[in-house]
$ cat structure_37.pdb   # PDB, C-alpha atoms, pLDDT in the B column
ATOM      1  CA  ALA I   1     182.150 175.664 131.935  1.00 42.00           C
ATOM      2  CA  TYR I   2     181.031 175.390 128.301  1.00 41.00           C
ATOM      3  CA  ALA I   3     182.203 171.794 128.144  1.00 39.00           C
ATOM      4  CA  ASP I   4     180.364 170.956 131.354  1.00 43.00           C
ATOM      5  CA  ASP I   5     177.161 172.602 130.120  1.00 50.00           C
ATOM      6  CA  HIS I   6     177.496 170.829 126.788  1.00 52.00           C
ATOM      7  CA  GLN I   7     177.879 167.434 128.480  1.00 57.00           C
ATOM      8  CA  VAL I   8     174.821 168.064 130.654  1.00 51.00           C
ATOM      9  CA  THR I   9     172.777 169.072 127.599  1.00 69.00           C
ATOM     10  CA  TYR I  10     173.915 165.985 125.685  1.00 70.00           C
ATOM     11  CA  GLY I  11     173.233 163.720 128.653  1.00 77.00           C
ATOM     12  CA  THR I  12     169.733 165.132 129.102  1.00 85.00           C
ATOM     13  CA  PHE I  13     169.029 164.766 125.374  1.00 88.00           C
ATOM     14  CA  ARG I  14     170.170 161.148 125.407  1.00 85.00           C
ATOM     15  CA  LEU I  15     168.230 160.296 128.576  1.00 91.00           C
ATOM     16  CA  ASP I  16     165.031 161.833 127.186  1.00 93.00           C
ATOM     17  CA  GLY I  17     165.489 159.825 123.995  1.00 94.00           C
ATOM     18  CA  LEU I  18     165.861 156.615 125.974  1.00 95.00           C
ATOM     19  CA  LEU I  19     162.647 157.401 127.861  1.00 96.00           C
ATOM     20  CA  GLY I  20     160.905 157.665 124.496  1.00 97.00           C
ATOM     21  CA  SER I  21     162.408 154.341 123.451  1.00 96.00           C
ATOM     22  CA  LEU I  22     161.137 152.767 126.676  1.00 96.00           C
ATOM     23  CA  ALA I  23     157.612 153.999 125.934  1.00 97.00           C
ATOM     24  CA  LEU I  24     157.878 152.599 122.394  1.00 97.00           C
ATOM     25  CA  ASN I  25     159.069 149.219 123.681  1.00 93.00           C
ATOM     26  CA  ARG I  26     156.278 149.092 126.258  1.00 94.00           C
ATOM     27  CA  GLY I  27     153.740 149.495 123.458  1.00 96.00           C
ATOM     28  CA  LEU I  28     152.802 153.120 124.112  1.00 97.00           C
ATOM     29  CA  PRO I  29     153.257 154.771 120.694  1.00 98.00           C
ATOM     30  CA  ASP I  30     151.463 158.014 121.526  1.00 98.00           C
ATOM     31  CA  ASP I  31     153.549 158.515 124.672  1.00 98.00           C
ATOM     32  CA  ALA I  32     156.670 157.720 122.645  1.00 98.00           C
ATOM     33  CA  ARG I  33     155.648 160.233 119.974  1.00 98.00           C
ATOM     34  CA  ARG I  34     155.167 162.958 122.578  1.00 98.00           C
ATOM     35  CA  ILE I  35     158.408 162.288 124.459  1.00 97.00           C
ATOM     36  CA  LEU I  36     160.561 161.937 121.342  1.00 97.00           C
ATOM     37  CA  SER I  37     159.049 164.983 119.648  1.00 97.00           C
ATOM     38  CA  GLU I  38     159.801 167.072 122.724  1.00 95.00           C
ATOM     39  CA  THR I  39     163.305 165.592 122.874  1.00 95.00           C
ATOM     40  CA  LEU I  40     164.082 166.586 119.300  1.00 95.00           C
ATOM     41  CA  GLU I  41     162.627 170.048 119.819  1.00 92.00           C
ATOM     42  CA  GLY I  42     165.362 170.531 122.429  1.00 85.00           C
ATOM     43  CA  GLU I  43     168.148 169.343 120.120  1.00 85.00           C
ATOM     44  CA  VAL I  44     170.903 171.968 119.909  1.00 76.00           C
ATOM     45  CA  GLU I  45     171.840 170.992 116.355  1.00 76.00           C
ATOM     46  CA  PRO I  46     171.184 167.870 114.259  1.00 71.00           C
ATOM     47  CA  GLY I  47     173.913 165.270 114.617  1.00 86.00           C
ATOM     48  CA  VAL I  48     174.500 161.557 114.984  1.00 91.00           C
ATOM     49  CA  ALA I  49     173.154 161.667 118.542  1.00 91.00           C
ATOM     50  CA  GLY I  50     169.770 162.404 117.000  1.00 95.00           C
ATOM     51  CA  VAL I  51     169.651 159.300 114.817  1.00 96.00           C
ATOM     52  CA  GLN I  52     168.048 156.968 117.340  1.00 96.00           C
ATOM     53  CA  PRO I  53     165.430 159.449 118.621  1.00 97.00           C
ATOM     54  CA  ARG I  54     164.431 160.096 114.997  1.00 97.00           C
ATOM     55  CA  GLY I  55     164.308 156.383 114.199  1.00 98.00           C
ATOM     56  CA  TRP I  56     162.198 155.654 117.276  1.00 98.00           C
ATOM     57  CA  LEU I  57     159.940 158.630 116.542  1.00 98.00           C
ATOM     58  CA  ALA I  58     159.399 157.396 112.974  1.00 98.00           C
ATOM     59  CA  GLN I  59     158.362 153.998 114.353  1.00 98.00           C
ATOM     60  CA  ALA I  60     155.946 155.596 116.798  1.00 98.00           C
ATOM     61  CA  LEU I  61     154.452 157.723 114.006  1.00 98.00           C
ATOM     62  CA  VAL I  62     153.938 154.872 111.548  1.00 98.00           C
ATOM     63  CA  ARG I  63     152.341 152.751 114.271  1.00 98.00           C
ATOM     64  CA  LEU I  64     149.938 155.628 114.931  1.00 98.00           C
ATOM     65  CA  GLY I  65     149.192 156.003 111.213  1.00 97.00           C
ATOM     66  CA  ASP I  66     150.858 159.430 111.065  1.00 98.00           C
ATOM     67  CA  PRO I  67     152.011 160.325 107.511  1.00 97.00           C
ATOM     68  CA  ARG I  68     155.081 162.178 108.816  1.00 98.00           C
ATOM     69  CA  ALA I  69     156.872 158.893 109.547  1.00 98.00           C
ATOM     70  CA  PRO I  70     158.750 158.548 106.201  1.00 98.00           C
ATOM     71  CA  GLU I  71     160.219 162.043 106.411  1.00 98.00           C
ATOM     72  CA  VAL I  72     161.464 161.506 109.970  1.00 98.00           C
ATOM     73  CA  ALA I  73     162.953 158.106 109.064  1.00 98.00           C
ATOM     74  CA  ALA I  74     164.691 159.618 106.031  1.00 98.00           C
ATOM     75  CA  ASP I  75     166.247 162.243 108.310  1.00 97.00           C
ATOM     76  CA  ALA I  76     167.447 159.484 110.650  1.00 97.00           C
ATOM     77  CA  TRP I  77     169.130 157.647 107.793  1.00 97.00           C
ATOM     78  CA  GLN I  78     170.715 160.814 106.418  1.00 97.00           C
ATOM     79  CA  LEU I  79     172.421 161.334 109.773  1.00 96.00           C
ATOM     80  CA  ALA I  80     173.270 157.636 110.251  1.00 97.00           C
ATOM     81  CA  GLU I  81     174.703 156.698 106.866  1.00 95.00           C
ATOM     82  CA  SER I  82     178.111 158.257 107.517  1.00 92.00           C
ATOM     83  CA  THR I  83     178.590 156.255 110.733  1.00 94.00           C
ATOM     84  CA  ASP I  84     179.704 152.682 111.312  1.00 94.00           C
ATOM     85  CA  GLU I  85     177.751 152.252 114.541  1.00 96.00           C
ATOM     86  CA  ALA I  86     175.274 149.370 114.743  1.00 97.00           C
ATOM     87  CA  PRO I  87     172.777 151.065 117.107  1.00 96.00           C
ATOM     88  CA  ARG I  88     172.410 154.106 114.848  1.00 97.00           C
ATOM     89  CA  LEU I  89     172.378 152.280 111.532  1.00 98.00           C
ATOM     90  CA  GLY I  90     169.994 149.720 113.033  1.00 98.00           C
ATOM     91  CA  ALA I  91     167.594 152.343 114.368  1.00 98.00           C
ATOM     92  CA  ALA I  92     167.335 154.007 110.959  1.00 98.00           C
ATOM     93  CA  ALA I  93     166.948 150.700 109.105  1.00 98.00           C
ATOM     94  CA  ALA I  94     164.344 149.370 111.540  1.00 98.00           C
ATOM     95  CA  ALA I  95     162.256 152.506 111.100  1.00 98.00           C
ATOM     96  CA  LEU I  96     162.409 152.318 107.301  1.00 98.00           C
ATOM     97  CA  LEU I  97     161.488 148.623 107.365  1.00 98.00           C
ATOM     98  CA  GLU I  98     158.528 149.193 109.655  1.00 98.00           C
ATOM     99  CA  ILE I  99     157.269 151.918 107.312  1.00 98.00           C
ATOM    100  CA  ALA I 100     157.660 149.534 104.366  1.00 98.00           C
ATOM    101  CA  TRP I 101     155.675 146.832 106.158  1.00 98.00           C
ATOM    102  CA  VAL I 102     152.897 148.954 107.649  1.00 98.00           C
ATOM    103  CA  THR I 103     152.312 151.205 104.630  1.00 97.00           C
ATOM    104  CA  GLY I 104     153.191 148.845 101.792  1.00 96.00           C
ATOM    105  CA  THR I 105     155.603 151.405 100.322  1.00 96.00           C
ATOM    106  CA  THR I 106     159.349 151.272  99.696  1.00 96.00           C
ATOM    107  CA  PRO I 107     161.319 154.153 101.216  1.00 96.00           C
ATOM    108  CA  PRO I 108     164.085 155.277  98.818  1.00 94.00           C
ATOM    109  CA  ALA I 109     166.931 154.577 101.249  1.00 95.00           C
ATOM    110  CA  LEU I 110     165.625 151.182 102.387  1.00 97.00           C
ATOM    111  CA  ASP I 111     168.094 148.855 100.629  1.00 97.00           C
ATOM    112  CA  ALA I 112     171.178 150.870 101.543  1.00 97.00           C
ATOM    113  CA  ALA I 113     170.091 151.253 105.160  1.00 98.00           C
ATOM    114  CA  VAL I 114     169.313 147.561 105.590  1.00 98.00           C
ATOM    115  CA  ALA I 115     172.593 146.426 104.022  1.00 97.00           C
ATOM    116  CA  ALA I 116     174.633 148.745 106.231  1.00 98.00           C
ATOM    117  CA  ALA I 117     172.695 147.856 109.391  1.00 98.00           C
ATOM    118  CA  ILE I 118     172.945 144.087 108.956  1.00 97.00           C
ATOM    119  CA  ALA I 119     176.637 144.157 107.997  1.00 97.00           C
ATOM    120  CA  THR I 120     177.526 146.274 111.023  1.00 97.00           C
ATOM    121  CA  ALA I 121     175.289 144.397 113.468  1.00 96.00           C
ATOM    122  CA  ASP I 122     176.702 141.039 112.337  1.00 95.00           C
ATOM    123  CA  GLU I 123     180.283 142.286 112.478  1.00 95.00           C
ATOM    124  CA  THR I 124     179.919 143.718 115.972  1.00 94.00           C
ATOM    125  CA  GLY I 125     177.583 141.035 117.317  1.00 93.00           C
ATOM    126  CA  HIS I 126     174.856 143.530 118.142  1.00 94.00           C
ATOM    127  CA  LEU I 127     172.242 141.229 119.672  1.00 92.00           C
ATOM    128  CA  TRP I 128     169.205 143.456 119.122  1.00 96.00           C
ATOM    129  CA  TYR I 129     169.628 144.816 115.618  1.00 96.00           C
ATOM    130  CA  ALA I 130     171.090 141.628 114.100  1.00 96.00           C
ATOM    131  CA  GLY I 131     167.668 140.093 114.766  1.00 97.00           C
ATOM    132  CA  ASP I 132     165.362 143.115 114.662  1.00 98.00           C
ATOM    133  CA  VAL I 133     166.362 144.159 111.148  1.00 98.00           C
ATOM    134  CA  ARG I 134     165.983 140.585 109.901  1.00 98.00           C
ATOM    135  CA  VAL I 135     162.497 140.332 111.416  1.00 98.00           C
ATOM    136  CA  GLY I 136     161.654 143.635 109.755  1.00 98.00           C
ATOM    137  CA  LEU I 137     162.768 142.199 106.413  1.00 98.00           C
ATOM    138  CA  ALA I 138     160.602 139.107 106.918  1.00 98.00           C
ATOM    139  CA  ARG I 139     157.541 141.202 107.788  1.00 98.00           C
ATOM    140  CA  ALA I 140     158.080 143.360 104.714  1.00 97.00           C
ATOM    141  CA  GLY I 141     158.292 140.250 102.504  1.00 96.00           C
ATOM    142  CA  MET I 142     161.932 140.816 101.601  1.00 97.00           C
ATOM    143  CA  PRO I 143     164.782 138.237 101.450  1.00 96.00           C
ATOM    144  CA  VAL I 144     166.312 137.569 104.863  1.00 97.00           C
ATOM    145  CA  PRO I 145     170.033 136.728 105.032  1.00 96.00           C
ATOM    146  CA  GLU I 146     171.060 133.985 107.431  1.00 93.00           C
ATOM    147  CA  PRO I 147     172.860 135.320 110.514  1.00 91.00           C
ATOM    148  CA  PRO I 148     176.513 134.223 110.656  1.00 88.00           C
ATOM    149  CA  ASP I 149     175.890 132.925 114.181  1.00 85.00           C
ATOM    150  CA  PRO I 150     172.406 131.830 115.371  1.00 80.00           C
ATOM    151  CA  ASP I 151     173.364 132.874 118.909  1.00 82.00           C
ATOM    152  CA  VAL I 152     173.809 136.492 117.794  1.00 85.00           C
ATOM    153  CA  ILE I 153     170.051 137.172 117.849  1.00 93.00           C
ATOM    154  CA  LEU I 154     167.453 137.141 120.614  1.00 95.00           C
ATOM    155  CA  ASP I 155     165.260 134.092 121.145  1.00 96.00           C
ATOM    156  CA  ALA I 156     162.137 136.103 120.254  1.00 97.00           C
ATOM    157  CA  HIS I 157     163.661 137.172 116.942  1.00 97.00           C
ATOM    158  CA  ALA I 158     164.858 133.633 116.218  1.00 96.00           C
ATOM    159  CA  ALA I 159     161.379 132.220 116.872  1.00 97.00           C
ATOM    160  CA  ALA I 160     159.781 134.758 114.538  1.00 98.00           C
ATOM    161  CA  LEU I 161     162.293 134.035 111.783  1.00 97.00           C
ATOM    162  CA  ARG I 162     161.641 130.297 111.919  1.00 96.00           C
ATOM    163  CA  GLY I 163     157.886 130.944 111.728  1.00 97.00           C
ATOM    164  CA  ASP I 164     157.045 130.073 115.340  1.00 98.00           C
ATOM    165  CA  HIS I 165     155.090 133.266 115.957  1.00 98.00           C
ATOM    166  CA  ALA I 166     153.310 131.917 119.034  1.00 98.00           C
ATOM    167  CA  ALA I 167     156.681 131.329 120.728  1.00 98.00           C
ATOM    168  CA  ALA I 168     157.870 134.766 119.643  1.00 98.00           C
ATOM    169  CA  ALA I 169     154.721 136.344 121.083  1.00 98.00           C
ATOM    170  CA  ALA I 170     155.218 134.500 124.369  1.00 98.00           C
ATOM    171  CA  ALA I 171     158.823 135.675 124.573  1.00 98.00           C
ATOM    172  CA  TRP I 172     157.831 139.299 123.967  1.00 98.00           C
ATOM    173  CA  GLU I 173     155.042 139.026 126.522  1.00 98.00           C
ATOM    174  CA  ALA I 174     157.537 137.817 129.129  1.00 97.00           C
ATOM    175  CA  ALA I 175     159.779 140.795 128.307  1.00 96.00           C
ATOM    176  CA  GLY I 176     156.902 143.289 128.536  1.00 96.00           C
ATOM    177  CA  TYR I 177     157.031 144.269 124.853  1.00 97.00           C
ATOM    178  CA  ARG I 178     153.294 144.399 124.169  1.00 97.00           C
ATOM    179  CA  TYR I 179     153.476 145.843 120.657  1.00 98.00           C
ATOM    180  CA  GLU I 180     155.851 143.129 119.446  1.00 98.00           C
ATOM    181  CA  GLN I 181     153.706 140.545 121.205  1.00 98.00           C
ATOM    182  CA  ALA I 182     150.631 141.802 119.357  1.00 98.00           C
ATOM    183  CA  VAL I 183     152.347 141.796 115.961  1.00 98.00           C
ATOM    184  CA  GLU I 184     153.567 138.227 116.442  1.00 98.00           C
ATOM    185  CA  LEU I 185     150.087 137.089 117.495  1.00 98.00           C
ATOM    186  CA  VAL I 186     148.671 138.595 114.299  1.00 97.00           C
ATOM    187  CA  ALA I 187     151.218 136.560 112.319  1.00 97.00           C
ATOM    188  CA  CYS I 188     150.047 133.258 113.873  1.00 96.00           C
ATOM    189  CA  ASP I 189     147.953 130.714 111.963  1.00 93.00           C
ATOM    190  CA  ASP I 190     145.467 130.379 114.817  1.00 92.00           C
ATOM    191  CA  GLU I 191     142.443 132.659 114.328  1.00 94.00           C
ATOM    192  CA  GLU I 192     141.946 133.224 118.051  1.00 95.00           C
ATOM    193  CA  ARG I 193     145.538 134.399 118.469  1.00 97.00           C
ATOM    194  CA  MET I 194     145.345 136.591 115.366  1.00 96.00           C
ATOM    195  CA  LEU I 195     142.233 138.354 116.632  1.00 96.00           C
ATOM    196  CA  GLU I 196     143.790 138.770 120.080  1.00 97.00           C
ATOM    197  CA  GLY I 197     146.794 140.454 118.470  1.00 97.00           C
ATOM    198  CA  LEU I 198     144.515 142.796 116.559  1.00 97.00           C
ATOM    199  CA  ARG I 199     142.587 143.620 119.726  1.00 96.00           C
ATOM    200  CA  MET I 200     145.846 144.469 121.459  1.00 97.00           C
ATOM    201  CA  LEU I 201     146.955 146.780 118.641  1.00 97.00           C
ATOM    202  CA  ASP I 202     143.640 148.629 118.870  1.00 97.00           C
ATOM    203  CA  GLU I 203     144.032 148.854 122.642  1.00 97.00           C
ATOM    204  CA  LEU I 204     147.552 150.272 122.280  1.00 97.00           C
ATOM    205  CA  GLY I 205     146.333 152.933 119.859  1.00 97.00           C
ATOM    206  CA  ALA I 206     148.565 151.583 117.078  1.00 98.00           C
ATOM    207  CA  THR I 207     146.070 152.556 114.374  1.00 97.00           C
ATOM    208  CA  GLY I 208     148.468 152.280 111.437  1.00 98.00           C
ATOM    209  CA  THR I 209     149.639 148.800 112.406  1.00 98.00           C
ATOM    210  CA  ALA I 210     146.105 147.683 113.275  1.00 97.00           C
ATOM    211  CA  ASN I 211     144.939 148.675 109.792  1.00 96.00           C
ATOM    212  CA  ARG I 212     147.755 146.618 108.292  1.00 97.00           C
ATOM    213  CA  ALA I 213     146.803 143.711 110.559  1.00 96.00           C
ATOM    214  CA  ARG I 214     143.162 143.900 109.435  1.00 95.00           C
ATOM    215  CA  ALA I 215     144.256 143.607 105.824  1.00 94.00           C
ATOM    216  CA  MET I 216     146.469 140.623 106.709  1.00 94.00           C
ATOM    217  CA  LEU I 217     143.676 138.823 108.543  1.00 94.00           C
ATOM    218  CA  ARG I 218     141.164 139.386 105.754  1.00 92.00           C
ATOM    219  CA  ALA I 219     143.696 138.098 103.235  1.00 91.00           C
ATOM    220  CA  LYS I 220     143.979 134.932 105.348  1.00 91.00           C
ATOM    221  CA  GLY I 221     140.207 134.484 105.176  1.00 91.00           C
ATOM    222  CA  VAL I 222     139.412 135.561 108.731  1.00 91.00           C
ATOM    223  CA  THR I 223     135.824 136.798 108.667  1.00 85.00           C
ATOM    224  CA  ALA I 224     135.423 137.963 112.277  1.00 82.00           C
ATOM    225  CA  VAL I 225     137.537 141.094 111.774  1.00 83.00           C
ATOM    226  CA  ARG I 226     135.853 144.032 113.442  1.00 80.00           C
ATOM    227  CA  ARG I 227     136.212 147.628 112.386  1.00 77.00           C
ATOM    228  CA  GLY I 228     138.725 149.672 114.342  1.00 74.00           C
ATOM    229  CA  PRO I 229     137.678 151.978 117.165  1.00 75.00           C
ATOM    230  CA  THR I 230     136.347 155.373 116.153  1.00 56.00           C
ATOM    231  CA  ARG I 231     138.206 158.581 117.033  1.00 53.00           C
ATOM    232  CA  GLY I 232     135.827 159.182 119.939  1.00 50.00           C
ATOM    233  CA  THR I 233     136.235 155.636 121.214  1.00 49.00           C
ATOM    234  CA  ARG I 234     140.025 155.972 121.155  1.00 48.00           C
ATOM    235  CA  ARG I 235     139.815 159.202 123.167  1.00 48.00           C
ATOM    236  CA  ASN I 236     137.668 157.491 125.795  1.00 47.00           C
TER     237      ASN I 236
END

$ encode --input "structure_37.pdb" --output "structure tokens"
Amino acid sequence: AYADDHQVTYGTFRLDGLLGSLALNRGLPDDARRILSETLEGEVEPGVAGVQPRGWLAQALVRLGDPRAPEVAADAWQLAESTDEAPRLGAAAAALLEIAWVTGTTPPALDAAVAAAIATADETGHLWYAGDVRVGLARAGMPVPEPPDPDVILDAHAAALRGDHAAAAAAWEAAGYRYEQAVELVACDDEERMLEGLRMLDELGATGTANRARAMLRAKGVTAVRRGPTRGTRRN
């Protein structure tokens, strides 16, 4: 009976985490924050099963501009570093990289997490994290190692890595990943696309990322960068 109850608890925990990941991928960071926070509150004890929910929660928090993101990402890496599993190492590394890019800081575990995630993703042919971690490196302005096989990453990731951000944005739009679409639009050279990406980030409530995008656009000489929505506007 204990084993059965334990399996049900684990299955529920994992399913709730995946629901949070779905919200994150759909570009709903506040929904993801709520779901993943509630998921982790129900965790029986910290373990490797909690790596991905913590990594996803850290990404949701940094996108929202919440200063708790680095602590949550550090916890994810602490649990992941003893594993050799690409999804867990990748989730921790992706969170740390997004924090580095959005905040302009360097999390202490960043280099170790990235090295472990890329090595494991390449070795196992993990389609998502082999590309996602490399895109995170590119966004953070860090060296990006060539993948051993160009077919081991998604087309959207490949387009971003070769600098075709419009194609990457189109691929993410087709997949329904609005946050990634917005970020790739911001990275374009076309001012109209850049401003559309910024508008989308504001619409999604990704305040932290939108602030980073504003700085990027101003650095590129874009003058039509509007201020972000006020707290009251976001509530409405």

$ closest_residue --input "structure_37.pdb" --among "I:Val44, I:Ala115, I:Ala156, I:Val225" --to "Pro143 in chain I" --atoms "all atoms listed in the file"
I:Ala115

$ resolve_selection --input "structure_37.pdb" --expression "the PyMOL selection byres ((chain I and resi 19-33) around 12)" --output "PDB file with C-alpha atoms, in the frame of the given file"
ATOM      1  CA  THR I  12     169.733 165.132 129.102  1.00 85.00           C
ATOM      2  CA  PHE I  13     169.029 164.766 125.374  1.00 88.00           C
ATOM      3  CA  ARG I  14     170.170 161.148 125.407  1.00 85.00           C
ATOM      4  CA  LEU I  15     168.230 160.296 128.576  1.00 91.00           C
ATOM      5  CA  ASP I  16     165.031 161.833 127.186  1.00 93.00           C
ATOM      6  CA  GLY I  17     165.489 159.825 123.995  1.00 94.00           C
ATOM      7  CA  LEU I  18     165.861 156.615 125.974  1.00 95.00           C
ATOM      8  CA  ARG I  34     155.167 162.958 122.578  1.00 98.00           C
ATOM      9  CA  ILE I  35     158.408 162.288 124.459  1.00 97.00           C
ATOM     10  CA  LEU I  36     160.561 161.937 121.342  1.00 97.00           C
ATOM     11  CA  SER I  37     159.049 164.983 119.648  1.00 97.00           C
ATOM     12  CA  GLU I  38     159.801 167.072 122.724  1.00 95.00           C
ATOM     13  CA  THR I  39     163.305 165.592 122.874  1.00 95.00           C
ATOM     14  CA  LEU I  40     164.082 166.586 119.300  1.00 95.00           C
ATOM     15  CA  GLN I  52     168.048 156.968 117.340  1.00 96.00           C
ATOM     16  CA  PRO I  53     165.430 159.449 118.621  1.00 97.00           C
ATOM     17  CA  ARG I  54     164.431 160.096 114.997  1.00 97.00           C
ATOM     18  CA  GLY I  55     164.308 156.383 114.199  1.00 98.00           C
ATOM     19  CA  TRP I  56     162.198 155.654 117.276  1.00 98.00           C
ATOM     20  CA  LEU I  57     159.940 158.630 116.542  1.00 98.00           C
ATOM     21  CA  ALA I  58     159.399 157.396 112.974  1.00 98.00           C
ATOM     22  CA  GLN I  59     158.362 153.998 114.353  1.00 98.00           C
ATOM     23  CA  ALA I  60     155.946 155.596 116.798  1.00 98.00           C
ATOM     24  CA  LEU I  61     154.452 157.723 114.006  1.00 98.00           C
ATOM     25  CA  VAL I  62     153.938 154.872 111.548  1.00 98.00           C
ATOM     26  CA  ARG I  63     152.341 152.751 114.271  1.00 98.00           C
ATOM     27  CA  LEU I  64     149.938 155.628 114.931  1.00 98.00           C
ATOM     28  CA  GLY I  65     149.192 156.003 111.213  1.00 97.00           C
ATOM     29  CA  ASP I  66     150.858 159.430 111.065  1.00 98.00           C
ATOM     30  CA  ARG I  68     155.081 162.178 108.816  1.00 98.00           C
ATOM     31  CA  ALA I  69     156.872 158.893 109.547  1.00 98.00           C
ATOM     32  CA  VAL I  72     161.464 161.506 109.970  1.00 98.00           C
ATOM     33  CA  ALA I  91     167.594 152.343 114.368  1.00 98.00           C
ATOM     34  CA  TRP I 172     157.831 139.299 123.967  1.00 98.00           C
ATOM     35  CA  GLU I 173     155.042 139.026 126.522  1.00 98.00           C
ATOM     36  CA  ALA I 174     157.537 137.817 129.129  1.00 97.00           C
ATOM     37  CA  ALA I 175     159.779 140.795 128.307  1.00 96.00           C
ATOM     38  CA  GLY I 176     156.902 143.289 128.536  1.00 96.00           C
ATOM     39  CA  TYR I 177     157.031 144.269 124.853  1.00 97.00           C
ATOM     40  CA  ARG I 178     153.294 144.399 124.169  1.00 97.00           C
ATOM     41  CA  TYR I 179     153.476 145.843 120.657  1.00 98.00           C
ATOM     42  CA  GLU I 180     155.851 143.129 119.446  1.00 98.00           C
ATOM     43  CA  GLN I 181     153.706 140.545 121.205  1.00 98.00           C
ATOM     44  CA  ALA I 182     150.631 141.802 119.357  1.00 98.00           C
ATOM     45  CA  VAL I 183     152.347 141.796 115.961  1.00 98.00           C
ATOM     46  CA  MET I 200     145.846 144.469 121.459  1.00 97.00           C
ATOM     47  CA  LEU I 201     146.955 146.780 118.641  1.00 97.00           C
ATOM     48  CA  ASP I 202     143.640 148.629 118.870  1.00 97.00           C
ATOM     49  CA  GLU I 203     144.032 148.854 122.642  1.00 97.00           C
ATOM     50  CA  LEU I 204     147.552 150.272 122.280  1.00 97.00           C
ATOM     51  CA  GLY I 205     146.333 152.933 119.859  1.00 97.00           C
ATOM     52  CA  ALA I 206     148.565 151.583 117.078  1.00 98.00           C
ATOM     53  CA  THR I 207     146.070 152.556 114.374  1.00 97.00           C
ATOM     54  CA  GLY I 208     148.468 152.280 111.437  1.00 98.00           C
ATOM     55  CA  THR I 209     149.639 148.800 112.406  1.00 98.00           C
ATOM     56  CA  ARG I 234     140.025 155.972 121.155  1.00 48.00           C
ATOM     57  CA  ARG I 235     139.815 159.202 123.167  1.00 48.00           C
TER      58      ARG I 235
END

$ residues_near_point --input "structure_37.pdb" --point "(178.3, 142.8, 114.9)" --cutoff "12 Å" --atoms "all atoms listed in the file" --output "list in words"
Asp84, Glu85, Ala86, Pro87, Leu89, Gly90, Ala116, Ala117, Ile118, Ala119, Thr120, Ala121, Asp122, Glu123, Thr124, Gly125, His126, Leu127, Trp128, Tyr129, Ala130, Gly131, Pro147, Pro148, Asp149, Asp151, Val152 and Ile153 of chain I

$ residues_around --input "structure_37.pdb" --residues "Thr223 in chain I" --least-positions-apart "4" --cutoff "12 Å" --atoms "only C-alpha atoms" --output "count of residues only"
11

$ atom_distance --input "structure_37.pdb" --atom1 "CA of Arg212 in chain I" --atom2 "CA of Asp155 in chain I"
25.1 Å

$ closest_residue --input "structure_37.pdb" --among "I:Ala93, I:Ala80, I:Ala224, I:Ala138" --to "Pro107 in chain I" --atoms "all atoms listed in the file"
I:Ala93

$ resolve_selection --input "structure_37.pdb" --expression "the PyMOL selection byres ((chain I and resi 76) around 6)" --output "PyMOL selection string"
chain I and resi 51+54-55+73-75+77-79+92

$ write_last_selection --input "structure_37.pdb" --atoms "C-alpha atoms" --output "PDB file, in the coordinates of the input"
ATOM      1  CA  VAL I  51     169.651 159.300 114.817  1.00 96.00           C
ATOM      2  CA  ARG I  54     164.431 160.096 114.997  1.00 97.00           C
ATOM      3  CA  GLY I  55     164.308 156.383 114.199  1.00 98.00           C
ATOM      4  CA  ALA I  73     162.953 158.106 109.064  1.00 98.00           C
ATOM      5  CA  ALA I  74     164.691 159.618 106.031  1.00 98.00           C
ATOM      6  CA  ASP I  75     166.247 162.243 108.310  1.00 97.00           C
ATOM      7  CA  TRP I  77     169.130 157.647 107.793  1.00 97.00           C
ATOM      8  CA  GLN I  78     170.715 160.814 106.418  1.00 97.00           C
ATOM      9  CA  LEU I  79     172.421 161.334 109.773  1.00 96.00           C
ATOM     10  CA  ALA I  92     167.335 154.007 110.959  1.00 98.00           C
TER      11      ALA I  92
END

$ closest_residue --input "structure_37.pdb" --among "I:Asn211, I:Cys188, I:Pro46, I:Arg193" --to "Gly104 in chain I" --atoms "only C-alpha atoms"
I:Asn211

$ axis_aligned_box --input "structure_37.pdb" --around "range 123-137 of chain I" --padding-each-side "8 Å" --output "AutoDock Vina command-line options"
--center_x 171.0 --center_y 142.5 --center_z 113.0 --size_x 34.6 --size_y 20.7 --size_z 29.3

$ resolve_selection --input "structure_37.pdb" --expression "the PyMOL selection byres ((chain I and resi 159-163) around 8)" --output "ChimeraX atom specification"
/I:134-135,138,155-158,164-165,167-168,184

$ atom_distance --input "structure_37.pdb" --atom1 "CA of Glu71 in chain I" --atom2 "CA of Trp101 in chain I"
15.9 Å

$ atom_distance --input "structure_37.pdb" --atom1 "CA of Ala112 in chain I" --atom2 "CA of Glu81 in chain I"
8.6 Å
